[in-house]
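Coordinates from coords03.txt are shown below (compact mmCIF, C-alpha atoms).
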```txt
# COMPACT_ATOMS: atom_id res chain seq x y z
CA MET A 1 44.04 42.34 20.31
CA ARG A 2 44.81 38.93 18.89
CA THR A 3 47.27 39.88 16.16
CA LEU A 4 47.98 36.21 15.48
CA LYS A 5 44.32 35.90 14.48
CA TYR A 6 44.85 38.41 11.70
CA ALA A 7 48.17 36.94 10.61
CA ILE A 8 46.45 33.58 10.16
CA LEU A 9 43.38 35.09 8.49
CA GLY A 10 45.66 37.00 6.12
CA MET A 11 47.56 33.88 5.14
CA ILE A 12 44.38 31.87 4.60
CA HIS A 13 42.85 34.83 2.74
CA GLN A 14 45.67 34.43 0.20
CA LYS A 15 44.92 30.73 -0.28
CA PRO A 16 43.53 27.76 1.64
CA MET A 17 46.15 26.19 3.91
CA THR A 18 46.74 23.39 6.37
CA GLY A 19 48.13 24.04 9.83
CA TYR A 20 51.43 22.67 8.56
CA ASP A 21 51.37 25.13 5.63
CA LEU A 22 50.83 27.98 8.10
CA MET A 23 53.77 26.80 10.22
CA GLN A 24 55.95 26.80 7.10
CA GLU A 25 54.91 30.39 6.29
CA PHE A 26 55.66 31.54 9.84
CA GLU A 27 59.06 29.84 9.70
CA SER A 28 59.99 31.28 6.31
CA THR A 29 58.18 34.32 4.94
CA LEU A 30 56.73 35.85 8.12
CA ASN A 31 59.74 34.94 10.25
CA GLU A 32 61.49 38.19 9.39
CA PHE A 33 58.90 40.24 11.29
CA TRP A 34 56.41 37.98 13.07
CA SER A 35 56.71 34.64 14.81
CA ALA A 36 54.32 32.04 16.09
CA SER A 37 54.84 28.55 17.41
CA HIS A 38 52.95 25.34 16.76
CA SER A 39 51.43 25.66 20.26
CA GLN A 40 50.02 29.11 19.33
CA ILE A 41 48.84 28.43 15.79
CA TYR A 42 46.70 25.34 16.37
CA PRO A 43 44.67 26.77 19.30
CA GLU A 44 44.13 29.95 17.24
CA LEU A 45 42.88 27.85 14.30
CA LYS A 46 40.40 26.20 16.69
CA LYS A 47 39.19 29.61 17.97
CA LEU A 48 38.85 30.98 14.45
CA THR A 49 36.80 27.93 13.47
CA GLU A 50 34.55 28.34 16.53
CA GLU A 51 34.12 32.07 15.73
CA GLY A 52 33.06 31.25 12.17
CA CYS A 53 36.03 33.08 10.62
CA ILE A 54 37.41 29.96 8.95
CA THR A 55 36.16 26.54 8.04
CA TYR A 56 37.98 23.39 7.08
CA THR A 57 37.70 20.25 5.04
CA ASP A 58 39.43 17.02 5.95
CA HIS A 59 42.15 16.00 3.52
CA VAL A 60 42.95 12.30 3.44
CA SER A 61 46.59 11.58 2.68
CA ASP A 62 48.23 8.32 1.71
CA LYS A 63 51.68 9.77 2.56
CA GLY A 64 51.10 10.65 6.21
CA PRO A 65 48.48 11.75 8.69
CA ASN A 66 45.27 13.32 7.46
CA SER A 67 45.10 17.09 7.61
CA LYS A 68 42.58 19.91 7.66
CA ILE A 69 42.59 22.43 4.85
CA TYR A 70 41.42 25.78 6.22
CA THR A 71 39.48 28.29 4.14
CA ILE A 72 38.44 31.78 5.16
CA THR A 73 34.72 32.50 5.46
CA GLU A 74 32.87 35.69 4.54
CA LYS A 75 32.90 36.69 8.22
CA GLY A 76 36.64 36.00 8.40
CA THR A 77 37.26 38.09 5.27
CA GLU A 78 35.24 40.98 6.71
CA ASP A 79 37.12 40.79 10.04
CA PHE A 80 40.49 40.62 8.27
CA LEU A 81 39.79 43.53 5.91
CA ALA A 82 38.41 45.68 8.77
CA TRP A 83 41.59 45.01 10.80
CA LEU A 84 43.76 45.76 7.78
CA MET A 85 42.20 49.23 7.39
CA LYS A 86 42.18 50.07 11.13
CA ASP A 87 44.58 52.77 12.34
CA GLU A 88 46.75 51.71 15.26
CA ASP A 89 49.10 53.61 17.51
CA MET A 90 52.76 53.01 16.87
CA MET A 91 54.20 50.18 18.90
CA LYS A 92 56.63 51.05 21.64
CA THR A 93 60.26 50.66 20.68
CA PRO A 94 61.10 46.99 21.20
CA LYS A 95 63.56 46.09 23.91
CA ASP A 96 67.03 45.62 22.45
CA SER A 97 69.71 44.23 24.75
CA PHE A 98 72.45 45.09 22.24
CA ARG A 99 71.56 48.79 22.33
CA LEU A 100 71.30 48.66 26.11
CA ARG A 101 74.82 47.23 26.25
CA VAL A 102 75.99 49.92 23.81
CA PHE A 103 74.55 52.50 26.21
CA PHE A 104 76.78 51.11 28.97
CA SER A 105 79.73 50.16 26.73
CA GLN A 106 82.03 52.83 28.20
CA ASN A 107 82.42 50.35 31.08
CA MET A 108 84.12 47.82 28.82
CA ASP A 109 87.82 47.63 28.31
CA PRO A 110 88.69 49.14 24.86
CA GLU A 111 89.58 45.78 23.27
CA GLU A 112 86.43 44.11 24.64
CA ARG A 113 84.34 46.96 23.29
CA LYS A 114 85.95 46.69 19.85
CA ASP A 115 85.30 42.92 19.80
CA PHE A 116 81.74 43.49 21.02
CA PHE A 117 80.94 45.81 18.10
CA THR A 118 82.78 43.60 15.61
CA ARG A 119 80.77 40.51 16.61
CA GLN A 120 77.50 42.41 16.37
CA CYS A 121 78.41 43.82 12.98
CA LEU A 122 79.18 40.32 11.69
CA GLN A 123 75.82 39.03 12.95
CA HIS A 124 73.97 41.80 11.13
CA LYS A 125 76.00 41.22 7.97
CA LYS A 126 75.03 37.53 8.09
CA ARG A 127 71.37 38.48 8.51
CA LEU A 128 71.66 40.94 5.62
CA ALA A 129 73.18 38.23 3.41
CA HIS A 130 70.30 35.92 4.37
CA LEU A 131 67.74 38.58 3.50
CA LYS A 132 69.40 39.33 0.18
CA GLU A 133 69.39 35.61 -0.58
CA ASN A 134 65.63 35.57 0.16
CA GLN A 135 65.22 38.49 -2.22
CA LYS A 136 66.43 36.28 -5.08
CA LYS A 137 63.07 34.49 -5.06
CA PHE A 138 61.70 37.58 -6.81
CA ASN A 139 62.64 37.57 -10.47
CA HIS A 140 61.14 41.06 -10.77
CA VAL A 141 59.80 43.82 -8.54
CA PRO A 142 56.17 42.82 -8.03
CA LYS A 143 53.43 45.23 -9.03
CA ALA A 144 51.09 46.54 -6.34
CA ASP A 145 48.31 44.15 -7.35
CA GLU A 146 50.47 41.00 -7.32
CA GLU A 147 50.10 38.52 -4.46
CA ASP A 148 53.71 38.78 -3.30
CA PHE A 149 53.89 42.60 -3.34
CA GLY A 150 53.53 42.87 0.46
CA ASP A 151 56.17 40.18 0.97
CA TYR A 152 58.53 42.17 -1.26
CA LEU A 153 57.87 45.42 0.64
CA VAL A 154 58.52 43.83 4.04
CA LEU A 155 61.68 42.15 2.78
CA MET A 156 62.88 45.45 1.31
CA GLY A 157 62.28 47.11 4.70
CA ALA A 158 64.19 44.36 6.50
CA ILE A 159 67.14 44.78 4.13
CA MET A 160 67.13 48.54 4.66
CA ARG A 161 66.94 48.03 8.45
CA GLU A 162 69.99 45.76 8.43
CA GLU A 163 71.94 48.08 6.13
CA SER A 164 71.15 50.98 8.45
CA THR A 165 72.12 49.02 11.56
CA ILE A 166 75.41 47.96 9.98
CA ALA A 167 76.17 51.57 8.99
CA TRP A 168 75.42 52.70 12.56
CA ILE A 169 77.62 49.99 14.12
CA GLU A 170 80.46 50.80 11.72
CA LYS A 171 80.15 54.49 12.59
CA CYS A 172 80.29 53.58 16.30
CA MET A 173 83.41 51.51 15.66
CA LYS A 174 85.13 54.48 13.98
CA MET A 175 84.38 56.56 17.07
CA LEU A 176 86.08 54.09 19.44
```
Would you give me this structure, written as structure tokens?
Amino acid sequence: MRTLKYAILGMIHQKPMTGYDLMQEFESTLNEFWSASHSQIYPELKKLTEEGCITYTDHVSDKGPNSKIYTITEKGTEDFLAWLMKDEDMMKTPKDSFRLRVFFSQNMDPEERKDFFTRQCLQHKKRLAHLKENQKKFNHVPKADEEDFGDYLVLMGAIMREESTIAWIEKCMKML
């Protein structure tokens, strides 16, 4: 399955975008749970155009290079909505080298282990602070029919994930 296809269709379904606009979304909003590089996005845009899922108009710019503004087609909308409603099996637990090292942490010297957990806790606290800063862009909790409702839900989940991870690491540290 080409999940990137549906990420791009979903973004363009919200509003027409250039390839640069899509890159910005992947680097900001989607970055918390999905990533894609320039070298992945542009070939996917070409495929989606060839498949008739999106179309584009050339946009002439006096400030820089010309760009293509991509719009979703009826076929693209149908494909996107069908994917959105499709049931999928849960993904396997992602590989996590930190948890693997925790598993073997009894092999560390006690001070090294304490430092190891402390550093990880600080990293997660920084990520949590970043997520909470992102949350400030919402001046209210969006309603279910508002465009940024899904963004809010994913951000809320990311905040809860970091809070839970920090609580777990702190509990581990108390057990040392």
Hey, what's within 8 Å of stretch 49-53 of chain A if we count all atoms listed in the file and toss same-chain stuff fewer than 5 positions away? As a compact mmCIF listing (two decimals) with C-alpha atoms, in the frame of the given file, please?
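Full text of around_39.txt as output:
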```
# COMPACT_ATOMS: atom_id res chain seq x y z
CA LEU A 9 43.38 35.09 8.49
CA ILE A 72 38.44 31.78 5.16
CA THR A 73 34.72 32.50 5.46
CA GLU A 74 32.87 35.69 4.54
CA LYS A 75 32.90 36.69 8.22
CA GLY A 76 36.64 36.00 8.40
CA THR A 77 37.26 38.09 5.27
CA ASP A 79 37.12 40.79 10.04
```
### Task
Write out as a ChimeraX atom specification each polymer residue whose atoms come within 12 Å of A:Trp168, counting all atoms listed in the file; drop sequence neighbours fewer than 2 positions from it.
/A:99,102,117,120-121,124,161-166,170-175
### Task
Name the residues in contact with A:Asn31 at a cut-off of 12 Å, using only C-alpha atoms, excluding same-chain residues fewer than 4 positions from it; report them as a list in words.
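Using only C-alpha atoms, the neighbours found are Ala7, Leu22, Met23, Gln24, Glu25, Phe26, Glu27, Ser35, Ala36, Ser37, Leu131, Asn134, Asp151, Val154, Leu155 and Ala158 of chain A.
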### Query
Suppose you want the space between atom CA of A:Ser39 and atom CA of A:Pro94; what is it in Å?
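We find that atom CA of A:Ser39 and atom CA of A:Pro94 lie 23.4 Å from each other.
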### Task
Identify which of the residues A:Lys92, A:Ala144, A:Arg2, A:Met11 lies closest to A:Thr29, counting all atoms listed in the file when measuring atom-to-atom distances.
A:Met11
### Message
From the options A:Lys63, A:His38, A:Lys68, A:Lys47, which residue's atoms come nearest to A:Pro16, counting all atoms listed in the file?
### Response
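That would be A:Lys68, the residue with the smallest distance to A:Pro16.
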